[in-house]
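Text of the file start.cif, holding mmCIF, C-alpha atoms:
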```
data_query
loop_
_atom_site.label_atom_id
_atom_site.label_comp_id
_atom_site.auth_asym_id
_atom_site.auth_seq_id
_atom_site.Cartn_x
_atom_site.Cartn_y
_atom_site.Cartn_z
CA MET A 64 10.27 17.68 6.82
CA GLU A 65 9.81 16.00 10.22
CA LYS A 66 11.42 12.56 10.44
CA VAL A 67 9.12 9.58 10.83
CA PHE A 68 9.29 5.96 11.90
CA GLU A 69 7.23 4.36 9.11
CA GLY A 70 5.45 1.48 10.79
CA HIS A 71 3.78 0.08 7.66
CA ILE A 72 6.12 -0.66 4.71
CA HIS A 73 5.43 -3.33 2.08
CA HIS A 74 7.38 -4.70 -0.87
CA LEU A 75 5.96 -5.17 -4.38
CA ARG A 76 6.89 -8.59 -5.72
CA ASP A 77 7.79 -7.73 -9.30
CA ILE A 78 10.43 -5.10 -8.56
CA PRO A 79 13.85 -6.82 -8.25
CA LEU A 80 15.32 -6.51 -4.77
CA PRO A 81 18.38 -4.38 -5.68
CA LYS A 82 16.16 -2.01 -7.64
CA ALA A 83 13.68 -1.86 -4.78
CA ILE A 84 16.46 -0.91 -2.34
CA GLU A 85 17.53 1.88 -4.67
CA ILE A 86 13.97 3.18 -4.94
CA TYR A 87 13.30 2.94 -1.20
CA LYS A 88 16.40 5.05 -0.53
CA LYS A 89 15.09 7.84 -2.75
CA GLU A 90 11.56 7.60 -1.39
CA PHE A 91 12.65 7.48 2.26
CA ALA A 92 14.80 10.59 1.77
CA GLU A 93 11.91 12.53 0.25
CA ALA A 94 9.28 11.32 2.74
CA GLY A 95 11.44 11.82 5.85
CA VAL A 96 11.55 8.11 6.69
CA ALA A 97 14.43 7.47 9.12
CA GLY A 98 13.26 4.11 10.43
CA GLY A 99 10.40 1.68 10.07
CA CYS A 100 8.96 -1.82 9.80
CA PHE A 101 8.99 -3.89 6.62
CA LEU A 102 5.84 -6.05 6.78
CA SER A 103 5.63 -9.32 4.85
CA ILE A 104 2.46 -10.05 2.87
CA PRO A 105 3.02 -13.49 1.25
CA HIS A 106 -0.72 -14.31 1.23
CA HIS A 107 -2.15 -11.81 -1.21
CA GLU A 108 -5.79 -10.83 -0.70
CA SER A 109 -6.71 -11.70 -4.31
CA ALA A 110 -4.80 -14.99 -4.53
CA LYS A 111 -5.64 -18.49 -3.34
CA ALA A 112 -5.44 -18.29 0.44
CA THR A 113 -3.14 -21.28 0.81
CA ASP A 114 -0.59 -19.98 -1.72
CA PHE A 115 2.46 -18.79 0.19
CA ASP A 116 5.32 -16.78 -1.26
CA SER A 117 8.23 -17.91 0.94
CA LEU A 118 10.55 -15.46 -0.75
CA GLN A 119 8.51 -12.54 0.59
CA ASN A 120 9.63 -13.26 4.18
CA LEU A 121 13.25 -13.64 3.11
CA LYS A 122 13.23 -10.41 1.11
CA ILE A 123 11.70 -8.51 4.04
CA LEU A 124 14.59 -9.71 6.22
CA CYS A 125 17.08 -8.65 3.53
CA LEU A 126 15.47 -5.20 3.38
CA LYS A 127 15.97 -4.85 7.12
CA ARG A 128 19.62 -5.79 6.62
CA ALA A 129 20.03 -3.31 3.76
CA PHE A 130 18.74 -0.33 5.76
CA GLY A 131 20.22 -1.14 9.15
CA LYS A 132 19.63 0.95 12.25
CA ASN A 133 16.00 1.70 13.15
CA PHE A 134 14.59 -0.69 10.52
CA TYR A 135 12.75 -3.90 11.40
CA ALA A 136 11.29 -6.98 9.70
CA PHE A 137 7.91 -8.60 10.37
CA ALA A 138 7.41 -12.13 9.00
CA ALA A 139 4.12 -13.84 8.11
CA LEU A 140 2.82 -17.31 8.99
CA GLU A 141 2.80 -20.00 6.30
CA HIS A 142 -0.60 -21.67 6.19
CA PRO A 143 -1.15 -25.32 5.28
CA GLN A 144 -3.21 -26.74 2.44
CA ASP A 145 -5.20 -28.82 4.95
CA TYR A 146 -6.44 -27.67 8.37
CA SER A 147 -8.01 -31.00 9.39
CA ASP A 148 -5.25 -31.88 11.89
CA LYS A 149 -5.50 -28.78 14.02
CA GLN A 150 -2.95 -29.94 16.56
CA ALA A 151 -0.36 -30.34 13.83
CA VAL A 152 -1.14 -26.88 12.43
CA LYS A 153 -0.92 -25.38 15.91
CA LYS A 154 2.52 -26.90 16.48
CA ASN A 155 3.64 -25.84 13.02
CA PHE A 156 2.72 -22.20 13.66
CA LEU A 157 4.67 -22.26 16.92
CA ARG A 158 7.74 -23.75 15.22
CA GLN A 159 7.55 -21.06 12.57
CA VAL A 160 7.57 -18.12 14.96
CA GLU A 161 10.26 -19.68 17.13
CA LYS A 162 12.40 -19.89 14.01
CA TYR A 163 11.55 -16.42 12.75
CA PHE A 164 12.57 -14.73 15.97
CA SER A 165 15.77 -16.74 16.21
CA VAL A 166 17.00 -15.59 12.78
CA GLY A 167 16.33 -11.85 12.99
CA PHE A 168 12.64 -11.07 12.49
CA ASP A 169 11.21 -8.58 14.98
CA GLY A 170 7.46 -9.12 14.73
CA ILE A 171 4.63 -10.81 12.83
CA LYS A 172 2.36 -9.30 10.20
CA MET A 173 -1.08 -10.91 10.03
CA LEU A 174 -3.30 -10.53 6.98
CA GLU A 175 -5.39 -13.33 8.49
CA GLY A 176 -8.13 -10.85 9.40
CA TYR A 177 -8.77 -9.99 5.73
CA PRO A 178 -12.36 -10.89 4.71
CA SER A 179 -11.42 -12.87 1.58
CA LEU A 180 -8.84 -14.97 3.45
CA LEU A 181 -11.26 -15.65 6.31
CA LYS A 182 -13.91 -16.73 3.82
CA GLU A 183 -11.65 -19.15 1.97
CA ARG A 184 -9.85 -20.65 4.97
CA LYS A 185 -12.91 -20.78 7.25
CA ILE A 186 -10.50 -20.37 10.17
CA PRO A 187 -11.49 -17.50 12.52
CA LEU A 188 -8.82 -15.46 14.27
CA ASP A 189 -9.68 -17.06 17.61
CA ASP A 190 -9.47 -20.64 16.33
CA GLU A 191 -7.46 -23.03 18.49
CA ILE A 192 -4.80 -23.43 15.77
CA TYR A 193 -3.47 -19.99 16.73
CA ASP A 194 -3.35 -20.65 20.49
CA ASP A 195 0.32 -21.61 20.80
CA PHE A 196 1.30 -18.77 18.48
CA TYR A 197 -0.60 -16.14 20.46
CA ALA A 198 0.67 -17.54 23.76
CA PHE A 199 4.27 -17.38 22.49
CA MET A 200 3.87 -13.83 21.25
CA GLU A 201 2.22 -12.68 24.50
CA LYS A 202 4.81 -14.36 26.74
CA ASN A 203 7.75 -12.86 24.86
CA GLY A 204 6.21 -9.44 24.26
CA TYR A 205 6.71 -9.69 20.50
CA PRO A 206 4.64 -7.30 18.36
CA ILE A 207 1.93 -8.21 15.86
CA THR A 208 0.46 -5.91 13.22
CA ILE A 209 -2.88 -7.23 12.00
CA HIS A 210 -5.29 -6.19 9.26
CA ILE A 211 -8.83 -6.42 10.63
CA ALA A 212 -11.77 -6.53 8.23
CA ASN A 213 -12.10 -3.45 5.97
CA PRO A 214 -14.27 -0.30 6.05
CA ARG A 215 -17.85 -1.02 7.10
CA GLU A 216 -19.00 0.34 3.72
CA SER A 217 -17.39 -2.71 2.08
CA TRP A 218 -20.45 -4.71 3.18
CA ASP A 219 -22.94 -2.31 1.60
CA ILE A 220 -22.46 -1.64 -2.10
CA THR A 221 -24.84 1.33 -1.91
CA LYS A 222 -22.40 3.05 0.47
CA ALA A 223 -19.08 1.69 -0.79
CA SER A 224 -16.72 4.21 -2.38
CA LYS A 225 -15.74 3.81 -6.02
CA GLU A 226 -12.20 2.94 -4.82
CA LEU A 227 -13.54 0.00 -2.77
CA ILE A 228 -15.71 -1.18 -5.67
CA GLN A 229 -12.89 -0.92 -8.21
CA ALA A 230 -10.56 -2.83 -5.89
CA GLY A 231 -13.09 -5.66 -5.47
CA ARG A 232 -13.42 -4.97 -1.75
CA VAL A 233 -17.18 -5.24 -1.52
CA TYR A 234 -18.59 -8.28 0.29
CA ASP A 235 -21.85 -10.20 0.21
CA GLU A 236 -23.44 -12.58 2.71
CA THR A 237 -20.90 -15.34 1.92
CA TYR A 238 -18.21 -13.37 3.76
CA PRO A 239 -17.91 -12.95 7.52
CA THR A 240 -19.28 -9.57 8.54
CA LYS A 241 -17.23 -6.74 9.94
CA ASP A 242 -18.83 -7.24 13.35
CA GLU A 243 -17.99 -10.96 13.27
CA ILE A 244 -14.34 -10.25 12.45
CA THR A 245 -14.11 -7.59 15.17
CA ALA A 246 -15.65 -10.03 17.65
CA GLN A 247 -12.98 -12.59 16.76
CA LEU A 248 -10.27 -10.05 17.55
CA PHE A 249 -11.76 -9.23 20.93
CA ARG A 250 -12.09 -12.92 21.82
CA VAL A 251 -8.36 -13.31 21.09
CA LEU A 252 -7.60 -10.38 23.39
CA GLU A 253 -9.88 -11.69 26.13
CA LYS A 254 -7.84 -14.90 26.09
CA TYR A 255 -4.46 -13.17 25.65
CA PRO A 256 -5.01 -9.74 27.27
CA LYS A 257 -1.34 -8.73 27.25
CA LEU A 258 -0.83 -9.47 23.56
CA LYS A 259 1.25 -6.74 21.93
CA ILE A 260 -0.97 -6.17 18.92
CA ALA A 261 -1.55 -3.23 16.60
CA VAL A 262 -4.48 -2.94 14.24
CA ALA A 263 -3.61 -1.34 10.92
CA HIS A 264 -5.73 1.52 9.53
CA PHE A 265 -7.12 2.35 13.02
CA GLY A 266 -8.71 -1.11 12.81
CA PHE A 267 -11.33 0.60 10.63
CA PHE A 268 -12.82 1.65 13.99
CA ILE A 269 -13.38 5.30 13.08
CA GLY A 270 -17.15 5.54 13.32
CA GLU A 271 -17.13 2.75 15.93
CA LYS A 272 -16.18 4.64 19.08
CA GLU A 273 -17.12 1.81 21.41
CA ASN A 274 -14.74 -0.60 19.65
CA ALA A 275 -11.95 1.97 19.51
CA GLU A 276 -12.31 2.75 23.22
CA ARG A 277 -12.46 -0.90 24.18
CA PHE A 278 -9.45 -1.87 22.07
CA LEU A 279 -7.13 0.69 23.66
CA GLY A 280 -8.87 1.10 27.01
CA GLU A 281 -9.33 -2.50 28.07
CA PHE A 282 -6.05 -4.05 26.87
CA GLU A 283 -2.72 -2.62 27.96
CA ASN A 284 -0.46 -3.52 25.01
CA THR A 285 -2.71 -2.66 22.07
CA THR A 286 -1.89 0.13 19.60
CA PHE A 287 -3.32 1.87 16.55
CA ASP A 288 -1.47 2.20 13.25
CA ILE A 289 -2.69 5.43 11.60
CA THR A 290 -2.21 4.18 8.03
CA PRO A 291 -5.01 5.72 5.92
CA GLY A 292 -7.60 3.20 4.83
CA GLY A 293 -10.98 3.68 3.23
CA GLU A 294 -12.55 6.90 4.45
CA GLN A 295 -11.02 6.81 7.95
CA TYR A 296 -9.49 10.30 7.98
CA PHE A 297 -12.56 11.93 6.50
CA LYS A 298 -14.83 10.14 8.96
CA MET A 299 -12.63 11.42 11.78
CA LEU A 300 -13.29 14.99 10.65
CA GLU A 301 -17.04 14.45 11.05
CA ASP A 302 -16.51 14.31 14.82
CA TRP A 303 -13.09 15.86 15.28
CA PRO A 304 -13.59 17.10 18.88
CA TYR A 305 -14.11 13.50 19.99
CA TRP A 306 -11.16 12.11 17.99
CA LYS A 307 -8.89 14.97 19.04
CA ASP A 308 -9.57 14.07 22.66
CA PHE A 309 -9.14 10.36 21.87
CA ILE A 310 -5.71 10.97 20.32
CA LYS A 311 -4.62 13.05 23.31
CA ARG A 312 -5.81 10.44 25.80
CA TYR A 313 -4.06 7.61 23.95
CA GLN A 314 -1.13 9.61 22.63
CA ASP A 315 1.37 6.89 23.66
CA ARG A 316 -0.59 4.14 21.86
CA ILE A 317 -0.84 5.50 18.31
CA PHE A 318 1.94 5.28 15.72
CA TYR A 319 2.68 6.46 12.21
CA GLY A 320 2.15 4.35 9.09
CA THR A 321 1.14 4.93 5.48
CA ASP A 322 1.23 1.63 3.51
CA PHE A 323 4.57 2.67 2.03
CA TYR A 324 5.84 0.91 -1.12
CA ALA A 325 8.76 1.17 -3.51
CA PHE A 326 6.92 2.00 -6.72
CA GLN A 327 8.39 1.72 -10.21
CA ASP A 328 10.22 4.96 -10.97
CA ASP A 329 10.26 4.80 -14.78
CA ASN A 330 7.94 7.80 -14.94
CA GLU A 331 9.09 10.51 -12.55
CA GLU A 332 5.74 12.24 -12.12
CA GLY A 333 3.73 9.03 -11.78
CA TRP A 334 6.26 7.53 -9.36
CA ARG A 335 6.27 10.57 -7.08
CA THR A 336 2.48 10.75 -7.09
CA ALA A 337 2.22 7.06 -6.20
CA PHE A 338 4.66 6.87 -3.31
CA MET A 339 3.82 10.26 -1.77
CA ARG A 340 0.02 10.07 -2.01
CA ARG A 341 -0.62 8.59 1.43
CA PRO A 342 2.37 10.15 3.27
CA ARG A 343 1.28 13.54 1.94
CA LEU A 344 -2.29 12.97 3.19
CA VAL A 345 -1.04 12.06 6.68
CA ARG A 346 1.35 15.03 6.82
CA GLN A 347 -1.20 17.53 5.57
CA PHE A 348 -3.84 16.15 7.92
CA PHE A 349 -1.76 16.26 11.11
CA GLU A 350 0.65 19.13 10.38
CA THR A 351 -1.53 21.86 8.84
CA ASP A 352 -4.79 23.66 9.41
CA THR A 353 -5.30 24.59 5.77
CA GLU A 354 -7.37 23.20 2.90
CA HIS A 355 -6.10 20.28 0.80
CA LYS A 356 -7.38 17.61 -1.55
CA TYR A 357 -6.73 13.85 -1.42
CA ILE A 358 -7.44 12.50 -4.91
CA ASP A 359 -10.87 14.14 -5.34
CA LYS A 360 -11.72 14.65 -1.64
CA PRO A 361 -11.24 18.11 -0.10
CA PHE A 362 -10.29 18.32 3.59
CA ARG A 363 -8.81 20.69 6.16
CA GLY A 364 -5.85 19.65 8.33
CA VAL A 365 -6.21 19.39 12.11
CA LYS A 366 -2.65 20.48 13.04
CA LEU A 367 -1.65 18.53 16.12
CA ASP A 368 1.01 20.20 18.25
CA GLU A 369 4.61 19.26 17.48
CA LYS A 370 5.21 17.37 20.74
CA LEU A 371 2.22 15.13 20.10
CA ARG A 372 3.24 14.58 16.48
CA THR A 373 6.74 13.53 17.57
CA LYS A 374 5.22 10.83 19.75
CA ILE A 375 3.07 9.53 16.90
CA TYR A 376 5.65 10.03 14.14
CA TRP A 377 8.65 8.55 15.94
CA ASP A 378 8.62 7.65 19.62
CA ASN A 379 5.67 5.28 19.80
CA GLY A 380 6.57 3.16 16.77
CA LEU A 381 10.17 2.71 17.82
CA ARG A 382 9.30 1.96 21.44
CA ARG A 383 6.79 -0.66 20.33
CA VAL A 384 9.36 -2.76 18.47
CA GLY A 385 12.20 -2.33 20.95
CA GLU A 386 15.71 -3.53 20.26
CA SER A 387 16.28 -4.92 16.77
CA LYS A 388 17.11 -8.62 16.62
CA PRO A 389 20.45 -9.64 15.09
CA ILE A 390 20.20 -11.21 11.65
CA ASP A 391 21.41 -14.78 11.09
CA GLU A 392 23.37 -14.53 7.84
CA GLU A 393 23.66 -18.31 7.55
CA TYR A 394 19.88 -18.57 7.62
CA ILE A 395 19.60 -16.07 4.78
CA LYS A 396 22.06 -18.05 2.66
CA SER A 397 20.56 -21.47 3.38
CA GLU A 398 17.00 -20.24 2.80
CA ALA A 399 17.99 -18.57 -0.47
CA LYS A 400 19.65 -21.79 -1.68
CA ARG A 401 16.57 -23.81 -0.73
CA LEU A 402 14.19 -21.47 -2.51
CA LEU A 403 16.37 -21.32 -5.60
CA THR A 404 15.70 -25.01 -6.20
CA SER A 405 11.99 -24.73 -5.48
CA PRO A 406 9.68 -25.03 -8.51
CA TYR A 407 7.11 -22.73 -6.88
CA LYS A 408 7.92 -19.14 -7.83
CA VAL A 409 5.17 -16.54 -7.76
CA TYR A 410 6.76 -13.60 -9.52
CA SER A 411 9.06 -12.92 -12.44
CA CYS A 412 12.24 -11.86 -10.64
CA SER A 413 12.34 -14.66 -8.03
CA ASP A 414 15.50 -16.36 -9.29
CA GLU A 415 17.17 -13.01 -9.95
CA ASP A 416 16.50 -11.91 -6.38
CA LEU A 417 17.73 -15.18 -4.89
CA ARG A 418 20.98 -14.99 -6.82
CA TYR A 419 21.39 -11.39 -5.69
CA ILE A 420 20.89 -12.45 -2.08
CA LEU A 421 23.52 -15.17 -2.54
CA GLY A 422 25.93 -12.70 -4.12
CA GLU A 423 26.03 -14.55 -7.43
#
```

Go through the file and emit its structure as structure tokens.
Amino acid sequence: MEKVFEGHIHHLRDIPLPKAIEIYKKEFAEAGVAGGCFLSIPHHESAKATDFDSLQNLKILCLKRAFGKNFYAFAALEHPQDYSDKQAVKKNFLRQVEKYFSVGFDGIKMLEGYPSLLKERKIPLDDEIYDDFYAFMEKNGYPITIHIANPRESWDITKASKELIQAGRVYDETYPTKDEITAQLFRVLEKYPKLKIAVAHFGFFIGEKENAERFLGEFENTTFDITPGGEQYFKMLEDWPYWKDFIKRYQDRIFYGTDFYAFQDDNEEGWRTAFMRRPRLVRQFFETDTEHKYIDKPFRGVKLDEKLRTKIYWDNGLRRVGESKPIDEEYIKSEAKRLLTSPYKVYSCSDEDLRYILGE
């Protein structure tokens, strides 16, 4: 199996950290993962938007430490309960990222473009509270991976897939529209045109050629994460000649990702099905020209040539993140001690993980 740099790895909260490391090792070996980015998601899409799981950032940094060479950690911004003093929030965000990059994080993961979070916070992506953060990231060339909106079908229940409906990812008029969220992203890039930013899941731009072309064509440091999302791969097949040309033209700006998780391995068959579902789709799509099925959807692979796949699978993702930042071990210890005394714990193994981090 070809090796990959997995640009989109998450961590499930309720699997203890030592167990998660054990599972990741098995999964990485089977999926050909030889490097990648652990992305923090402390603001869950279904939770209260201001709830922040501080331990998620710390655990992501510890996962980077556990896997070493070619693995990276992306932190997430902690949002306040009150946005009324925007200057204070702006300064707070800047202090956060200055700290994150000084202790060993390599990038920032933004879930801030998720429809439910935008609705609850009422803070668009181009709000002034992000200005110092974006300016800092642009000046230093630090990477951001951002989730933008969701599939367009999420705003039309008559077209939404059963997966979107079951996941609660269908939106009414109380949510910002997909076009509004996309417009926010482009306003950020107009103000910070050299921002090193990747949109996950192709930005859900498959079917929106103008947005896809503008995102990569107009801004020099933008990239696409090819993590499957919604119906993106199947939509691509509807106009494959165009997307084949698009991938060739922007072959240095597209990198591998699958939304990789360490899933519970109590049931061998269920575990393997869970963690390999998306990696298998990506591999079959790009490596073969034969018929396959993803869940209940039949498709035929497009078989990109090996040189192009190597760029997408390995070169582009690694080049994007650059040299890994050294980890501040004292920060890990002090943060773990602080969190151990905190009354706010969002999942069952919080204390167990903190004691593990402290070596207790």

Practice item. Just give me the gap between CA of Ala138 in chain A and CA of Asn120 in chain A in Å, one decimal is fine. Key: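 If I compute the distance from CA of Ala138 in chain A to CA of Asn120 in chain A, I get 5.4 Å.
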
Review point. Any idea what's packed within 10 Å of Gly293 in chain A, counting only C-alpha atoms, ignoring anything in its chain fewer than 6 positions away? Could you give it as a PyMOL selection string?
Key: chain A and resi 213-217+223-224+226-227+264+267

Review point. Skipping near chain neighbours, those fewer than 2 positions away, what residues fall within 7 Å of Leu174 in chain A using only C-alpha atoms, listed as a list in words?
Key: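 Within the cut-off, the hits are Lys172, Gly176, Tyr177, Ile209 and His210 of chain A.
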
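As for CA of Glu85 in chain A and CA of Pro291 in chain A, they are spaced 25.2 Å apart.
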
**Study point:** Exercise: residues within 8 Å of coordinate (10.3, -1.8, -1.6), counting all atoms listed in the file, as a VMD selection string
**Key:** chain A and resid 72 to 75 78 80 83 to 84 86 to 87 126 324 to 326

Pull C-alpha atoms from the residues just selected and write them as a tab-separated table (two decimals), keeping the file's coordinate frame.
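This went into again14.tsv:
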```
chain	number	residue	atom	x	y	z
A	72	ILE	CA	6.12	-0.66	4.71
A	73	HIS	CA	5.43	-3.33	2.08
A	74	HIS	CA	7.38	-4.70	-0.87
A	75	LEU	CA	5.96	-5.17	-4.38
A	78	ILE	CA	10.43	-5.10	-8.56
A	80	LEU	CA	15.32	-6.51	-4.77
A	83	ALA	CA	13.68	-1.86	-4.78
A	84	ILE	CA	16.46	-0.91	-2.34
A	86	ILE	CA	13.97	3.18	-4.94
A	87	TYR	CA	13.30	2.94	-1.20
A	126	LEU	CA	15.47	-5.20	3.38
A	324	TYR	CA	5.84	0.91	-1.12
A	325	ALA	CA	8.76	1.17	-3.51
A	326	PHE	CA	6.92	2.00	-6.72
```

Using all atoms of range 79-88 of chain A that appear in the file, construct an axis-aligned enclosing box with 6 Å of padding on every side and provide its centre coordinates and edge lengths in Å, rounded to one decimal, as lines of an AutoDock Vina configuration file.
```
center_x = 15.8
center_y = -0.9
center_z = -4.4
size_x = 17.1
size_y = 23.9
size_z = 19.7
```

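CA of Lys396 in chain A to CA of Phe115 in chain A spans 19.8 Å [interatomic distance, one decimal].
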
Study note, to complete from the structure: Using only C-alpha atoms, the best pick from A:Met339, A:Cys125, A:Cys100, A:Leu188 as closest to Gly70 in chain A would be A:Cys100

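Nearest to Pro79 in chain A of all the residues A:Tyr376, A:Val365, A:Asp169, A:Lys122 is A:Lys122, counting only C-alpha atoms.
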
Check your understanding: Counting all atoms listed in the file, what is within 9 Å of Thr373 in chain A, bar same-chain residues fewer than 4 positions away, as a ChimeraX atom specification?
Key -> /A:65-67,368-369,377-379

Review point. Within 9 Å of Leu140 in chain A, counting only C-alpha atoms, which residues qualify if same-chain residues fewer than 2 places away don't, as a ChimeraX atom specification?
Key: /A:105,115,138,142,156,159-160,171-173

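Applied to the shown file, the PyMOL selection byres ((chain A and resi 148-150) around 10) selects the residues Asp145, Tyr146, Ser147, Ala151, Val152, Lys153, Lys154, Asn155, Asp190, Glu191, Ile192, Tyr193 and Asp195 of chain A.
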
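Protein and nucleic acid residues near (3.3, 8.6, -8.2) are Glu90, Phe323, Tyr324, Ala325, Phe326, Gln327, Asp328, Asp329, Asn330, Glu331, Glu332, Gly333, Trp334, Arg335, Thr336, Ala337, Phe338, Met339, Arg340, Arg341, Pro342, Arg343 and Ile358 of chain A, the criterion being any atom at most 12 Å away using only C-alpha atoms.
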
Okay, now the selection with C-alpha atoms, as a short mmCIF file (atom, residue, chain, number, x, y, z; two decimals), in the frame of the given file?
```
data_model
loop_
_atom_site.label_atom_id
_atom_site.label_comp_id
_atom_site.auth_asym_id
_atom_site.auth_seq_id
_atom_site.Cartn_x
_atom_site.Cartn_y
_atom_site.Cartn_z
CA GLU A 90 11.56 7.60 -1.39
CA PHE A 323 4.57 2.67 2.03
CA TYR A 324 5.84 0.91 -1.12
CA ALA A 325 8.76 1.17 -3.51
CA PHE A 326 6.92 2.00 -6.72
CA GLN A 327 8.39 1.72 -10.21
CA ASP A 328 10.22 4.96 -10.97
CA ASP A 329 10.26 4.80 -14.78
CA ASN A 330 7.94 7.80 -14.94
CA GLU A 331 9.09 10.51 -12.55
CA GLU A 332 5.74 12.24 -12.12
CA GLY A 333 3.73 9.03 -11.78
CA TRP A 334 6.26 7.53 -9.36
CA ARG A 335 6.27 10.57 -7.08
CA THR A 336 2.48 10.75 -7.09
CA ALA A 337 2.22 7.06 -6.20
CA PHE A 338 4.66 6.87 -3.31
CA MET A 339 3.82 10.26 -1.77
CA ARG A 340 0.02 10.07 -2.01
CA ARG A 341 -0.62 8.59 1.43
CA PRO A 342 2.37 10.15 3.27
CA ARG A 343 1.28 13.54 1.94
CA ILE A 358 -7.44 12.50 -4.91
#
```

**Study point:** Result set, the PyMOL selection byres ((chain A and resi 250-258) around 9) on current file, as a PyMOL selection string
**Key:** chain A and resi 188-190+194+197-198+200-202+204-207+245-249+259-260+278+281-285

Check your understanding: From the list A:Leu402, A:Val262, A:Val409, A:Ile310, which residue is nearest Leu371 in chain A when using all atoms listed in the file?
Key -> A:Ile310

Review point. Applied to this file, what does the PyMOL selection byres ((chain A and resi 134) around 6) return in terms of residues, put as number ranges by chain?
Key: A: 98-100, 127, 131-133, 135

Check your understanding: Hey, what's within 12 Å of Thr353 in chain A if we count only C-alpha atoms and toss same-chain stuff fewer than 2 positions away? As a PyMOL selection string, please?
Key -> chain A and resi 346-351+355-356+361-366

Check your understanding: Which is closest to Glu398 in chain A among A:Ile289, A:Ile244, A:Ile211, A:Ile420, if we use only C-alpha atoms?
Key ->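 Counting only C-alpha atoms, the residue closest to Glu398 in chain A is A:Ile420.
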
Check your understanding: Looking at only C-alpha atoms, which of A:Ala97, A:Pro389, A:Leu118, A:Phe297 is the one that sits closest to Glu415 in chain A?
Key -> A:Leu118

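Checking A:Gly422, A:Ser405, A:His106, A:Asp235 one by one against Pro143 in chain A, counting all atoms listed in the file, you find the shortest gap at A:His106.
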
Residue completion, range 269-273 of chain A, all heavy atoms, as a short mmCIF file (atom, residue, chain, number, x, y, z; two decimals), in the coordinates of the input:
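This went into rebuild_21.cif:
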```cif
data_model
loop_
_atom_site.label_atom_id
_atom_site.label_comp_id
_atom_site.auth_asym_id
_atom_site.auth_seq_id
_atom_site.Cartn_x
_atom_site.Cartn_y
_atom_site.Cartn_z
N ILE A 269 -12.84 3.94 13.11
CA ILE A 269 -13.38 5.30 13.08
C ILE A 269 -14.86 5.18 12.69
O ILE A 269 -15.21 4.57 11.70
CB ILE A 269 -12.63 6.18 12.07
CG1 ILE A 269 -11.12 6.14 12.34
CG2 ILE A 269 -13.16 7.61 12.12
CD1 ILE A 269 -10.69 6.58 13.71
N GLY A 270 -15.71 5.74 13.49
CA GLY A 270 -17.15 5.54 13.32
C GLY A 270 -17.67 4.45 14.24
O GLY A 270 -18.87 4.20 14.30
N GLU A 271 -16.75 3.80 14.97
CA GLU A 271 -17.13 2.75 15.93
C GLU A 271 -16.43 3.08 17.26
O GLU A 271 -15.50 2.40 17.68
CB GLU A 271 -16.72 1.37 15.42
CG GLU A 271 -17.35 1.01 14.09
CD GLU A 271 -16.86 -0.33 13.54
OE1 GLU A 271 -16.23 -1.10 14.29
OE2 GLU A 271 -17.11 -0.60 12.36
N LYS A 272 -16.87 4.13 17.89
CA LYS A 272 -16.18 4.64 19.08
C LYS A 272 -16.08 3.59 20.19
O LYS A 272 -15.05 3.49 20.87
CB LYS A 272 -16.92 5.88 19.61
CG LYS A 272 -16.89 7.05 18.65
CD LYS A 272 -17.74 8.19 19.20
CE LYS A 272 -17.81 9.34 18.20
NZ LYS A 272 -18.69 10.43 18.68
N GLU A 273 -17.13 2.81 20.34
CA GLU A 273 -17.12 1.81 21.41
C GLU A 273 -16.00 0.79 21.20
O GLU A 273 -15.29 0.42 22.14
CB GLU A 273 -18.47 1.10 21.47
CG GLU A 273 -18.58 0.10 22.61
CD GLU A 273 -19.95 -0.56 22.70
OE1 GLU A 273 -20.89 -0.05 22.07
OE2 GLU A 273 -20.07 -1.57 23.41
#
```
